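Here the structure comes first, spelled out in structure tokens, and everything after it is commentary.
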Amino acid sequence: MESRTGSRGSNSAKAGHLAFRWRSQFLYEFKAFTIVRVVLSENNLTEEIHEFLQKLSGAEKSLQFLDLVDYQLCGPLPDFTKFSLLREFSLEYNQLNGSLPETFGQQLPSLVSLDLSGNQITGSLPDLSISLSNLSSLLHLDFSLNELIFYLNSDWVPKFQLQVIELSSCKLGPHFPKWLRTQNKFSILDISNVGISDIVPSWFWDVSPGLNFLNLSHNKIFGLLPDLSLKFHDNPGIDLSSNLFILVPPNATYLNLSKNKFLGSLSFLCSISGVELKYLDVSNNQLAGELPDCLGKFEALSILSLAYNNLYGAIPNSIGSLSQIQTLNLRNNNLSGELLSSLKSCTELRIIDLGVNRFTGKLPAWIGTHLTNLIVVSLRSNEFNGSIPQHICHLNHIKILDLSQNDLSGNIPHCFNNFTALVQSNSSGAAINFSYMAHDGYFTAGGDYVDNALVQWK
């Protein structure tokens with residue numbers, strides 16, 4: 001046993017203010033001293049918490065700091081009324097069970113830090129605003145990794161201003177907690193896996209400028225995600241995974257998210273209405289997963305670039321619904337399967353780049369018979385096989401044709417001599433003009449899309 005201000009005395013020793021830290025396998029009777037701090041963390045003792053508190057019977061009016069982290073205490077939480085001066089109270093990672101007394105906070109009005117995380121505390125708090133009503137000095141609140149259910153008055157205005165809020169795996173939902181609007185000094189907020197299935201209110205992103213860590217993961221939170229770089233300036237850690245956030249407004253007409261570091265799937269695109277979307281570029285990110293079938297609803301789409309991501313699987317059949325598409329760029333992914341015949345409905349295509357994927361099968365003849373407006377065709381570095389179909393010679397406007405690094409065989413069709421555009425002096429690039437309508441229906445804007453192609457020379 002160690003003492004911060006003196007050594008252990010006998011039962012007849014004079015009273016004094018001592019702080020004890022245990023690393024041993026025995027307990028001590030606290031009857032001779034005025035105990036201010038008790039630290040018994042990381043022991044292997046197993047004891048009912050009621051029995052332990054009986055050993056503190058001489059310290060009720062003086063104890064201010066009680067640290068019992070990972071002490072193997074078990075049993076339900078007892079009445080703490082007699083420890084009215086307690087300021088820091090940590091019972092994290094024990095084996096406590098049962099429910100939290102409704103008047104828990106009223107019993108400990110001097111609390112600054114309360115940590116009950118990592119136990120087996122269950123049940124419900126009829127109203128957290130009642131349970132914590134007297135804790136005006138509280139700065140640190142951690143109930144995480146329990147199974148508590150909170151019922152809150154929507155008009156509750158806490159008396160405290162928390163710096164640390166950790167409620168992971170408790171039950172706060174389904175509504176987003178409105179009382180957080182009153183908290184503007186927290187640096188840590190963890191409300192992950194708390195059953196919220198609600199939209200994030202706009203005020204939330206401006207509530208605490210000193211944020212260091214935010215975790216909203218594993219809920220069903222939805223809503224438009226703002227540019228967080230404009231909200232938080234101190235490089236906070238942010239985890240918004242496993243939710244239903246969207247990155248863009250649902251009525252977007254022009255969307256360019258290229259050259260970022262977006263992770264996850266493309267499922268967020270399904271939240272866009274699709275009625276007026278004409279330009280979609282999410283290339284050069286770290287997106288993964290299969291192409292969502294909802295892409296087919298963007299019937300007005302002119303430009304679609306998903307290049308340089310980690311997408312896999314087959315092209316969905318619904319892509320054939322994009323009757324207005326002019327550029328389809330899926331380069332440098334891990335896509336596979338054969339080219340679906342539904343693509344031959346995309347007769348406005350000028351550029352198709354499927355290079356550096358794992359597409360298989362024979363080159364379809366309909367590329368030449370149906371997609372006659374093509375200017376650029378890049379199918380390089382795939383697994384296409386068989387011969388080059390004669391019908392491809394109908395591509396009278398072709399300026400770049402790259403079929404290299406496949407498993408093609410047979411002779412090159414003699415009709416390749418018809419590709420006169422390939423040798424024109426101005427054939428180094430292709431610009432596609434397109435227009436899109438703003439979401440209000442009154443403002444029309446236009447733009448030029450300039451794509452590039454990687455050509456294999458041998």
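By convention in this document, the chains of the structure tokens carry letters A, B, ... by their order, each chain's residues are numbered from 1, and ligands are numbered from 1 in the order they are shown.
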
Please, which residues of segment 184-226 of chain A, numbered as in this document, come out strand (DSSP E or B) from DSSP, as a list in words?
->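 Of segment 184-226 of chain A, the ones in strand (DSSP E or B) are Ile188, Leu189, Asp190, Ile199, Phe213, Leu214, Asn215, Phe222, Gly223 and Leu224 of chain A.
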
Near-segment 155-172 of chain A list (8 Å; only C-alpha atoms; drop same-chain fewer than 2 positions) as a ChimeraX atom specification | /A:129,133-153,174-179,182-196

Just to be explicit: take each residue in the selection above, keep C-alpha atoms, and write the result as a PDB file, in the first residue's frame.
ATOM      1  CA  SER A 129     -33.177  15.528 -16.658  1.00  0.00           C
ATOM      2  CA  SER A 133     -30.742  17.901 -12.329  1.00  0.00           C
ATOM      3  CA  ASN A 134     -28.399  18.836  -9.449  1.00  0.00           C
ATOM      4  CA  LEU A 135     -25.116  18.227 -11.246  1.00  0.00           C
ATOM      5  CA  SER A 136     -24.387  21.831 -12.186  1.00  0.00           C
ATOM      6  CA  SER A 137     -20.587  21.273 -11.945  1.00  0.00           C
ATOM      7  CA  LEU A 138     -20.466  18.137 -14.103  1.00  0.00           C
ATOM      8  CA  LEU A 139     -17.811  18.241 -16.855  1.00  0.00           C
ATOM      9  CA  HIS A 140     -17.233  14.572 -17.704  1.00  0.00           C
ATOM     10  CA  LEU A 141     -20.108  12.112 -18.258  1.00  0.00           C
ATOM     11  CA  ASP A 142     -19.433   8.553 -19.407  1.00  0.00           C
ATOM     12  CA  PHE A 143     -22.185   5.924 -19.409  1.00  0.00           C
ATOM     13  CA  SER A 144     -20.866   4.135 -22.508  1.00  0.00           C
ATOM     14  CA  LEU A 145     -20.918   0.370 -23.051  1.00  0.00           C
ATOM     15  CA  ASN A 146     -23.920  -0.211 -20.825  1.00  0.00           C
ATOM     16  CA  GLU A 147     -27.515  -0.908 -21.773  1.00  0.00           C
ATOM     17  CA  LEU A 148     -29.169   2.120 -20.246  1.00  0.00           C
ATOM     18  CA  ILE A 149     -32.255   3.592 -21.850  1.00  0.00           C
ATOM     19  CA  PHE A 150     -32.725   7.340 -21.543  1.00  0.00           C
ATOM     20  CA  TYR A 151     -36.040   9.145 -21.698  1.00  0.00           C
ATOM     21  CA  LEU A 152     -35.572  12.882 -21.981  1.00  0.00           C
ATOM     22  CA  ASN A 153     -37.882  15.830 -21.842  1.00  0.00           C
ATOM     23  CA  PRO A 174     -34.747   7.280 -32.046  1.00  0.00           C
ATOM     24  CA  HIS A 175     -34.668  11.082 -32.038  1.00  0.00           C
ATOM     25  CA  PHE A 176     -31.509  13.149 -32.160  1.00  0.00           C
ATOM     26  CA  PRO A 177     -30.862  14.461 -28.606  1.00  0.00           C
ATOM     27  CA  LYS A 178     -31.986  18.102 -28.565  1.00  0.00           C
ATOM     28  CA  TRP A 179     -30.253  18.839 -25.270  1.00  0.00           C
ATOM     29  CA  THR A 182     -27.177  23.615 -25.015  1.00  0.00           C
ATOM     30  CA  GLN A 183     -23.682  22.111 -24.840  1.00  0.00           C
ATOM     31  CA  ASN A 184     -21.100  24.276 -26.588  1.00  0.00           C
ATOM     32  CA  LYS A 185     -17.884  23.435 -24.740  1.00  0.00           C
ATOM     33  CA  PHE A 186     -17.439  19.715 -25.296  1.00  0.00           C
ATOM     34  CA  SER A 187     -14.250  18.452 -26.897  1.00  0.00           C
ATOM     35  CA  ILE A 188     -15.306  14.777 -27.027  1.00  0.00           C
ATOM     36  CA  LEU A 189     -18.716  13.470 -28.088  1.00  0.00           C
ATOM     37  CA  ASP A 190     -19.383   9.761 -28.576  1.00  0.00           C
ATOM     38  CA  ILE A 191     -22.992   8.780 -29.201  1.00  0.00           C
ATOM     39  CA  SER A 192     -22.225   5.799 -31.426  1.00  0.00           C
ATOM     40  CA  ASN A 193     -24.595   2.832 -31.564  1.00  0.00           C
ATOM     41  CA  VAL A 194     -27.325   4.568 -29.554  1.00  0.00           C
ATOM     42  CA  GLY A 195     -30.294   3.828 -31.816  1.00  0.00           C
ATOM     43  CA  ILE A 196     -30.710   7.243 -33.422  1.00  0.00           C
TER      44      ILE A 196
END

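With atom CA of Leu91 of chain A on one side and atom CA of Asn215 of chain A on the other, the separation reads 22.6 Å.
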
Can you tell me how far atom CA of His394 of chain A sits from atom CA of Asp353 of chain A, in Å to one decimal?
->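 That distance, rounded to one decimal, is 18.3 Å.
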
Fewer than 4 positions away in the same chain doesn't count, so skip those; otherwise give me all residues within 7 Å of Gly237 of chain A, counting only C-alpha atoms, as a VMD selection string.
-> chain A and resid 212 to 214

Between A:Thr347, A:Thr81, A:Ser387, A:Asn309, which has the minimum distance to Leu374 of chain A (counting only C-alpha atoms)?
->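 Result for the nearest residue to Leu374 of chain A: A:Thr347.
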
Pick out the residues sitting within 6 Å of segment 256-269 of chain A, and hand them over as an NGL selection string; count only C-alpha atoms, and ignore anything fewer than 3 positions along from it in its own chain.
-> :A and (246 or 272 or 280-289)

Residues of the last selection are to be written out with N, CA, C and O atoms, as an mmCIF file, in the first residue's frame.
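Listing of result.cif after writing:
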data_model
loop_
_atom_site.group_PDB
_atom_site.id
_atom_site.type_symbol
_atom_site.label_atom_id
_atom_site.label_comp_id
_atom_site.auth_asym_id
_atom_site.auth_seq_id
_atom_site.Cartn_x
_atom_site.Cartn_y
_atom_site.Cartn_z
ATOM 1 N N ILE A 246 -25.871 11.646 -46.592
ATOM 2 C CA ILE A 246 -25.645 11.916 -48.003
ATOM 3 C C ILE A 246 -24.691 13.098 -48.096
ATOM 4 O O ILE A 246 -24.664 13.968 -47.232
ATOM 5 N N ILE A 272 -30.236 10.834 -54.280
ATOM 6 C CA ILE A 272 -30.457 11.938 -55.207
ATOM 7 C C ILE A 272 -31.686 11.625 -56.041
ATOM 8 O O ILE A 272 -31.891 10.498 -56.484
ATOM 9 N N LEU A 280 -22.070 13.883 -63.275
ATOM 10 C CA LEU A 280 -21.711 13.154 -62.062
ATOM 11 C C LEU A 280 -20.279 12.642 -62.207
ATOM 12 O O LEU A 280 -20.000 11.776 -63.044
ATOM 13 N N ASP A 281 -19.386 13.193 -61.392
ATOM 14 C CA ASP A 281 -17.969 12.787 -61.437
ATOM 15 C C ASP A 281 -17.500 12.534 -60.002
ATOM 16 O O ASP A 281 -17.360 13.466 -59.215
ATOM 17 N N VAL A 282 -17.298 11.278 -59.659
ATOM 18 C CA VAL A 282 -16.742 10.906 -58.352
ATOM 19 C C VAL A 282 -15.446 10.129 -58.550
ATOM 20 O O VAL A 282 -15.081 9.280 -57.743
ATOM 21 N N SER A 283 -14.730 10.429 -59.615
ATOM 22 C CA SER A 283 -13.489 9.732 -59.934
ATOM 23 C C SER A 283 -12.381 10.098 -58.961
ATOM 24 O O SER A 283 -12.452 11.095 -58.247
ATOM 25 N N ASN A 284 -11.361 9.248 -58.948
ATOM 26 C CA ASN A 284 -10.166 9.483 -58.126
ATOM 27 C C ASN A 284 -10.496 9.623 -56.643
ATOM 28 O O ASN A 284 -10.146 10.604 -55.988
ATOM 29 N N ASN A 285 -11.209 8.657 -56.124
ATOM 30 C CA ASN A 285 -11.497 8.561 -54.703
ATOM 31 C C ASN A 285 -11.118 7.165 -54.227
ATOM 32 O O ASN A 285 -10.350 6.460 -54.901
ATOM 33 N N GLN A 286 -11.660 6.740 -53.115
ATOM 34 C CA GLN A 286 -11.395 5.399 -52.585
ATOM 35 C C GLN A 286 -12.712 4.658 -52.364
ATOM 36 O O GLN A 286 -12.868 3.897 -51.422
ATOM 37 N N LEU A 287 -13.660 4.893 -53.252
ATOM 38 C CA LEU A 287 -14.973 4.261 -53.158
ATOM 39 C C LEU A 287 -14.862 2.790 -53.536
ATOM 40 O O LEU A 287 -14.068 2.403 -54.395
ATOM 41 N N ALA A 288 -15.680 1.974 -52.891
ATOM 42 C CA ALA A 288 -15.629 0.527 -53.113
ATOM 43 C C ALA A 288 -17.048 -0.015 -53.215
ATOM 44 O O ALA A 288 -18.025 0.682 -52.977
ATOM 45 N N GLY A 289 -17.138 -1.302 -53.566
ATOM 46 C CA GLY A 289 -18.440 -1.946 -53.657
ATOM 47 C C GLY A 289 -18.929 -2.041 -55.098
ATOM 48 O O GLY A 289 -18.237 -1.665 -56.055
#

Name the residues in contact with Tyr93 of chain A at a cut-off of 8 Å, using only C-alpha atoms, excluding same-chain residues fewer than 6 positions from it; report them as a PyMOL selection string.
-> chain A and resi 69-72+116-119
